[in-house]
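Reviewing the structure listed below.
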Amino acid sequence: MCNHTKKSGKHCARCPLHVFGLRRKPGKLTLPAVLSGRGDTTEDAQPLNFIPAGMSRRRFLQKMGAVGAVGVSLSVLPKWMPRMAFAQSPADSNGEIVVAVFLRGGIDGLAAVAPYFEGSDYYDKRPTQHLKEPGQGAEAAIDLDGQFGIHPAMQPLKAIYDAGDLAFVHAAGMTDPTRSHFDAMMMMEFGTPGNKATTDGWLARYLKATAERNGSPFRAVGMGQILPTSLAGGVSALALQSIADFHMQGRADEVQRMQAALAELYTIQAPQDELDQQAKLAFDTFDQMQTLQAAEYAPANGAAYPESEFGMGLRQIAQIAKADVGLEIATIDVGGWDTHEQQGTFGGEFEFLLRNLTDGLSAFYRDMGDDMRRVTVVTMSEFGRTIDENASAGTDHGHGNFMMLMGGGVNGGQVYTQWPTLAEDALADGDLAITTDYRDVLAEVVANRLYSDDLDFIFPNFKTTPLGLVVPA
Amino acid sequence: MTLSRRSFLHIGLATAGVTGVSSAAALHWSLPQAQANTAGIPTNIHLLNRISFGPTPEEVTAIDQMGYDAYLEQQLNPEQIDDGATDALIRPYNAVLNLPLATLWRLANLEYRLTTALYGAAILRALHSKRQLLERMVEFWSDHFNVAGEEILLPMARYYNRDIRNNALGNFRALLLATAKSPAMLIYLDNYVNIAEHPNENYARELLELHTMGADNGYTEADVENVARAFTGWTTSEESGYQFWFNTSQHDSDTKQVLGQTLPAGRGIEDGLHIIDMLVRHPATAQYISRKLCIKFVSDQPPQSLVDSTAAVFQANDGEIKPVLRHLFTSNAFKAAAGQKLRRPFTFYIAALRAAGASIINLGSSYEHLQVLGQPPYAWLPPNGYPATATPWMTTNGLLARWNGGMAITEGTHGGDYTGLRVNLHTRIGNPATVGDLVSTASQQVFGYVLPQAELAPFIRYASDDGGAETPVTHTLLSRKLGTLYGLMIASPTFQWR
């Protein structure tokens, strides 16, 4: 039963899941494991992505036909122009890397970064799924700033926080009031709260806006089988399940001959067209992948990644980042946060998930070592969870949530918040309000680390506010 | 030693004279899609490429015997085509859609049954149905009237299997009304909570922008608001068994102005019906639907003259769909557009299965393969449907997935996983004497015709290890090259276009 139902006693008009009686966990549009016949695909699979560009390149070029005839100079490049047409050395970028971590399902920010100072406004509504005040035993929060404290499972992050390389942002998020996973994830990744008709993701727009900088096939990498919506829409980001898998498959004794035949086919049959360009890029990538694989990768500084999909994904991001092959943007997902029933803040599912998240991030930080000065990790989730826990010792879809920023360029060691409080009249439809638009957090990373001044294009119809959380590179 | 990328590119340089990535490449994109093989596609194969999910030897024989016009006419009248074998495949899955909810919710494996009835049936029908044009039109309208979301599995399964399918070759008004009343659409675009006190414009906006008139095409913001008011009370609920019902008490019965017409006060469901009639007859709708059909079936940039003449047929026939398609497929503009459409990943996958004569023994594996390729059925979240043009689909990763997809289907490997397919190429290929015969036969099966000699050459070089067309086909050669030859053909640029 969702919180909305509980309050009104009527059918919930917000969550079709609850209205329509299908009890499976919502959140991801993937094939249920029952159909695929495998039990391990649902939770970690990613939602569908691949959103089209609003306007085809060809159409635009037709309009610009006259310009094209005398050569297109870099200064008149449209923002959506795919990078491969103007490939240049990765050295043209400033070497900064942004890793965007999406916590799918709506992480419970009130059990991860607890506002323990709220006292009864927090504890009365959270009789079981809470962190105790610092110093109150094993289930107590680790204090951050005298007001907020993190879950004990997040202990490894405390040292990074103390070193000034980790900041928390609280009461942040995507401002549209939707409590639908699909809509919230989609709008958040589009970078356009309230607008579901956007056709490309915020990271895709960054890549388009700066297409002339970097022509590496590794410029943008989405860990996973398919790209997240944030990278969808007219850019050739690479969806990478694993470095070892990016190659042509088929009979081992025939692969080389098949590649040679394909190279011939794609140039003979389709000279210089778009498909041919993609084919060349694929061959280029095979080549570089071989270099990566040739070097047996061992994480530095004794970093131990968790043996999870998230851990292995971060490990490969670190490998690509260190290989200096032009990586600028990496995305990675970690799912399972939709804890409606038996949340298990301690000893259960939530703690397990939080440990995986924490151990992955801290291993990445340790592994990257000095290189962390040019890396910024940012975490986000489509919405927070209800302040009231429900009758099943779980929490339902809420609104405001926390974000994390980790990296050498982060003004860390602080919990940044315009805390709206948990008082009844300060709530947004019963849930934690959002006082920091997540786009302000992202915009600061884009502007100060990636040095893009195209914020109007990346976050359309949004006036960004500097937060002072990220220092200029 | 591995052949390096540089040597690959040298092969290309010798032929095409590429001078590196530059504005020259960008300029080339502005030219119309001119594939080297375009002119070589026989007209009958061109029709099969467009109205089916890929030619099969059986359909090639059928159209060559019947002739272009008779074959088209038969496809336009699917009730004349016996499709009992496909129906028999789907029937067990579909049974679940008819059960009363009280029974349905108690079923074991409910999700499995619903997902199979929804996603599985779409894959099986595209692969096996003899009524291929009907399936193509179901695909077209499914994109046009897109709904998605796992929360609405049952309404979605009913929607795509009935509301869309039953009207796909019928009348546009009936189709539009069926979608307007369908619980899947009512939920997906929030009209089920569109009530007089709190109008919700989501459905109204998409009805105008995506379903009928097209964006910025003659309506105002006020029109959107008033269309939303006209549809207040169109709703559904669990109590109704996920049926449409009109809730009079939630309907805004005041007078409304829409597109310059006055809807009088005091009416109920008639308001919405009135809007639907207005929209179906609106010239902008005829233009918008005709343009989308031309993009789907002719080219990404169809000639305006063809769009106009198609729109005229649409209007003259009150939205009857068959005359519109007949006009389109018999037009000279259509016949001149061979090879100009990119196969989307779903079509690529189904066409590859049809080319290899594969059948599916595990639907889940097929669904996963479609996920890797980027287009699993009914999984596009925004209301605008999967893109119909080529550009959004041309990505490095997508291309690699196609290359490996071809190999996976024909070699029975998919990244080491089980492909869930049954393929027997040895039976399919027969007993070719030479590599020339082998490659010609495979080309006939994969492309529907034997490619011109120049285009066959790379396949002959591959299959004969540069020995030439006269190289005898031995058992050893077949065991090494048969699967990969089909895979290579499926991976080739020619196969990506239709």
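Scheme for the structure tokens: letters A, B, ... for chains in order shown; per-chain residue numbers from 1; ligand numbers from 1 in order shown.
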
Please, which residues of region 80-324 of chain A, numbered as in this document, come out strand (DSSP E or B) from DSSP, as a PyMOL selection string? chain A and resi 97-103+113-114+132+140+142-143+149-150+166-173+220-223+238-240

Need to verify the contact set: region 190-198 of chain B, 6 Å, only C-alpha atoms, exclusion of same-chain residues closer than 6 positions in sequence. Can you return it as a VMD selection string? chain B and resid 232 to 233 235 to 236 250 to 252

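Across the structure, CA of Glu470 (chain B) and CA of Ala408 (chain B) are spaced 28.5 Å apart.
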
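Going from CA of Arg402 (chain B) over to CA of Pro345 (chain B), you cover 7.9 Å.
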
Check the smallest atom-to-atom distance from each of A:Leu281, A:Ala159, A:Leu103, A:Ala204 to chain B using only C-alpha atoms, then report the winner. A:Leu281

Would you mind writing down, as a VMD selection string, each residue of region 147-216 of chain B that DSSP on the backbone assigns to helix (DSSP H, G or I)? chain B and resid 150 to 167 172 to 180 183 to 188 191 to 193 202 to 212

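Shortest atom-to-atom contact with Thr395 (chain B) among A:Ala138, A:Val445, A:Leu227, A:Met187: A:Leu227, counting only C-alpha atoms.
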
Neighbours of region 424-426 of chain B within 12 Å (only C-alpha atoms; same-chain residues fewer than 6 positions away dropped), as JSON, numbers by chain? {"B": [353, 354, 355, 356, 357, 358, 359, 409, 410, 411, 412, 432, 438, 441, 442, 445, 446, 475, 477, 478, 479, 480, 481, 482, 483, 484, 485, 486, 487]}

Selection to disk with C-alpha atoms, as an mmCIF file, in the first residue's frame:
data_model
loop_
_atom_site.group_PDB
_atom_site.id
_atom_site.type_symbol
_atom_site.label_atom_id
_atom_site.label_comp_id
_atom_site.auth_asym_id
_atom_site.auth_seq_id
_atom_site.Cartn_x
_atom_site.Cartn_y
_atom_site.Cartn_z
ATOM 1 C CA LEU B 353 15.678 -14.322 -38.655
ATOM 2 C CA ARG B 354 13.588 -14.471 -41.816
ATOM 3 C CA ALA B 355 16.729 -14.408 -43.960
ATOM 4 C CA ALA B 356 18.263 -17.287 -42.038
ATOM 5 C CA GLY B 357 15.000 -19.217 -41.768
ATOM 6 C CA ALA B 358 15.314 -19.105 -37.978
ATOM 7 C CA SER B 359 12.540 -19.864 -35.533
ATOM 8 C CA ILE B 409 21.866 -15.482 -35.165
ATOM 9 C CA THR B 410 23.688 -17.548 -37.732
ATOM 10 C CA GLU B 411 26.416 -19.022 -35.584
ATOM 11 C CA GLY B 412 24.293 -19.754 -32.555
ATOM 12 C CA PRO B 432 26.186 -25.630 -53.934
ATOM 13 C CA LEU B 438 27.050 -20.723 -52.446
ATOM 14 C CA THR B 441 22.116 -18.772 -53.118
ATOM 15 C CA ALA B 442 22.818 -17.101 -49.784
ATOM 16 C CA GLN B 445 17.867 -15.877 -49.362
ATOM 17 C CA VAL B 446 19.228 -12.953 -47.384
ATOM 18 C CA HIS B 475 32.310 -30.011 -46.277
ATOM 19 C CA LEU B 477 34.588 -25.042 -46.213
ATOM 20 C CA LEU B 478 30.884 -25.137 -45.347
ATOM 21 C CA SER B 479 31.497 -25.961 -41.719
ATOM 22 C CA ARG B 480 33.881 -23.027 -41.439
ATOM 23 C CA LYS B 481 32.194 -20.438 -43.617
ATOM 24 C CA LEU B 482 28.458 -21.087 -43.881
ATOM 25 C CA GLY B 483 27.308 -19.401 -40.677
ATOM 26 C CA THR B 484 29.736 -16.543 -40.929
ATOM 27 C CA LEU B 485 28.864 -15.919 -44.576
ATOM 28 C CA TYR B 486 25.196 -15.427 -43.670
ATOM 29 C CA GLY B 487 26.308 -13.390 -40.672
#

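Here the question is which of B:Leu342, B:Ala336, B:Ile460, B:Val280 gets nearest to Lys296 (chain B) using only C-alpha atoms, and that residue is B:Leu342.
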
Measuring atom to atom with only C-alpha atoms, identify which of A:Asp367, A:Glu274, A:Asp431, A:Asp338 is nearest to chain B. A:Glu274

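Among the candidates B:Trp245, B:Phe314, B:Tyr119, B:Phe348, the residue lying nearest to chain A is B:Tyr119 (atoms considered: only C-alpha atoms).
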
Kindly indicate which residue among A:Gln256, A:Thr192, A:Gln155, A:Gln342 lies nearest to chain B, using only C-alpha atoms for the distances. A:Gln256

Got a sec: who's within 9 Å of region 313-327 of chain A, counting only C-alpha atoms, leaving out chain neighbours fewer than 6 positions off, as a short mmCIF file (atom, residue, chain, number, x, y, z; two decimals) with N, CA and C atoms, in the first residue's frame?
data_model
loop_
_atom_site.label_atom_id
_atom_site.label_comp_id
_atom_site.auth_asym_id
_atom_site.auth_seq_id
_atom_site.Cartn_x
_atom_site.Cartn_y
_atom_site.Cartn_z
N SER A 89 42.34 15.24 -31.57
CA SER A 89 43.01 14.54 -30.50
C SER A 89 42.30 14.80 -29.18
N PRO A 90 42.23 13.77 -28.33
CA PRO A 90 41.64 13.95 -27.01
C PRO A 90 42.38 15.03 -26.21
N ALA A 91 43.59 15.31 -26.62
CA ALA A 91 44.38 16.28 -25.87
C ALA A 91 43.74 17.67 -25.88
N SER A 93 40.79 18.40 -25.00
CA SER A 93 39.98 18.62 -23.81
C SER A 93 40.93 18.83 -22.64
N GLY A 95 41.13 17.28 -19.89
CA GLY A 95 41.44 16.11 -19.10
C GLY A 95 40.50 15.87 -17.94
N GLU A 96 39.52 16.75 -17.78
CA GLU A 96 38.56 16.57 -16.68
C GLU A 96 37.59 15.45 -17.01
N ILE A 97 37.21 14.72 -15.98
CA ILE A 97 36.29 13.60 -16.16
C ILE A 97 35.13 13.75 -15.17
N VAL A 98 33.92 13.54 -15.66
CA VAL A 98 32.75 13.56 -14.78
C VAL A 98 32.10 12.18 -14.81
N VAL A 99 31.89 11.64 -13.63
CA VAL A 99 31.22 10.34 -13.51
C VAL A 99 29.85 10.58 -12.89
N ASN A 214 36.82 16.89 -28.73
CA ASN A 214 37.35 15.59 -28.41
C ASN A 214 36.68 14.56 -29.32
N GLY A 215 37.47 13.87 -30.12
CA GLY A 215 36.90 12.91 -31.05
C GLY A 215 37.12 11.47 -30.64
N SER A 216 37.51 11.24 -29.41
CA SER A 216 37.78 9.87 -28.98
C SER A 216 36.51 9.06 -28.91
N PRO A 217 36.57 7.81 -29.34
CA PRO A 217 35.39 6.95 -29.15
C PRO A 217 35.08 6.74 -27.67
N PHE A 218 36.04 7.02 -26.81
CA PHE A 218 35.82 6.86 -25.38
C PHE A 218 35.41 8.16 -24.70
N ARG A 219 35.05 9.15 -25.48
CA ARG A 219 34.72 10.43 -24.87
C ARG A 219 33.59 10.29 -23.85
N ALA A 220 32.55 9.57 -24.23
CA ALA A 220 31.44 9.34 -23.31
C ALA A 220 31.15 7.86 -23.26
N VAL A 221 31.18 7.30 -22.08
CA VAL A 221 30.98 5.87 -21.92
C VAL A 221 29.87 5.64 -20.91
N MET A 223 28.31 2.78 -18.70
CA MET A 223 28.53 1.40 -18.28
C MET A 223 27.20 0.68 -18.30
N GLY A 224 27.14 -0.42 -19.00
CA GLY A 224 25.89 -1.18 -19.08
C GLY A 224 25.60 -1.54 -20.52
N GLN A 241 29.40 -2.73 -21.82
CA GLN A 241 29.11 -3.72 -20.79
C GLN A 241 30.41 -4.09 -20.11
N SER A 242 31.40 -4.40 -20.91
CA SER A 242 32.73 -4.63 -20.35
C SER A 242 33.75 -4.41 -21.46
N ILE A 243 34.91 -3.97 -21.05
CA ILE A 243 35.97 -3.71 -22.01
C ILE A 243 36.27 -4.97 -22.80
N GLN A 288 41.64 0.52 -29.99
CA GLN A 288 42.01 1.07 -28.69
C GLN A 288 41.67 0.10 -27.57
N LEU A 292 43.84 -1.38 -24.28
CA LEU A 292 43.40 -1.42 -22.88
C LEU A 292 43.52 -2.82 -22.30
N TYR A 297 44.93 -4.93 -15.88
CA TYR A 297 44.64 -3.83 -14.97
C TYR A 297 44.64 -4.25 -13.51
N ALA A 298 45.42 -3.55 -12.72
CA ALA A 298 45.42 -3.79 -11.28
C ALA A 298 45.11 -2.46 -10.60
N PRO A 299 44.06 -2.39 -9.81
CA PRO A 299 43.74 -1.13 -9.12
C PRO A 299 44.91 -0.68 -8.24
N TYR A 305 37.52 -3.12 -5.05
CA TYR A 305 36.16 -2.86 -5.51
C TYR A 305 35.25 -4.00 -5.09
N ASP A 333 24.95 3.10 -13.28
CA ASP A 333 23.72 2.99 -12.52
C ASP A 333 23.90 2.01 -11.37
N GLY A 360 32.04 0.88 -3.37
CA GLY A 360 32.42 1.15 -4.75
C GLY A 360 33.03 2.53 -4.88
N LEU A 361 32.36 3.53 -4.32
CA LEU A 361 32.84 4.91 -4.44
C LEU A 361 34.18 5.10 -3.74
N ALA A 363 36.44 2.79 -3.11
CA ALA A 363 37.49 2.07 -3.85
C ALA A 363 37.92 2.89 -5.07
N PHE A 364 36.95 3.48 -5.75
CA PHE A 364 37.25 4.30 -6.92
C PHE A 364 38.14 5.47 -6.52
N ASP A 367 41.59 4.13 -5.76
CA ASP A 367 42.24 3.66 -6.98
C ASP A 367 42.72 4.84 -7.84
N MET A 368 41.89 5.85 -7.95
CA MET A 368 42.25 6.99 -8.80
C MET A 368 43.39 7.80 -8.19
N ASP A 371 44.93 11.20 -9.47
CA ASP A 371 44.10 11.54 -10.62
C ASP A 371 42.72 12.05 -10.19
N VAL A 375 38.82 14.44 -11.50
CA VAL A 375 37.60 13.64 -11.60
C VAL A 375 36.54 14.20 -10.66
#
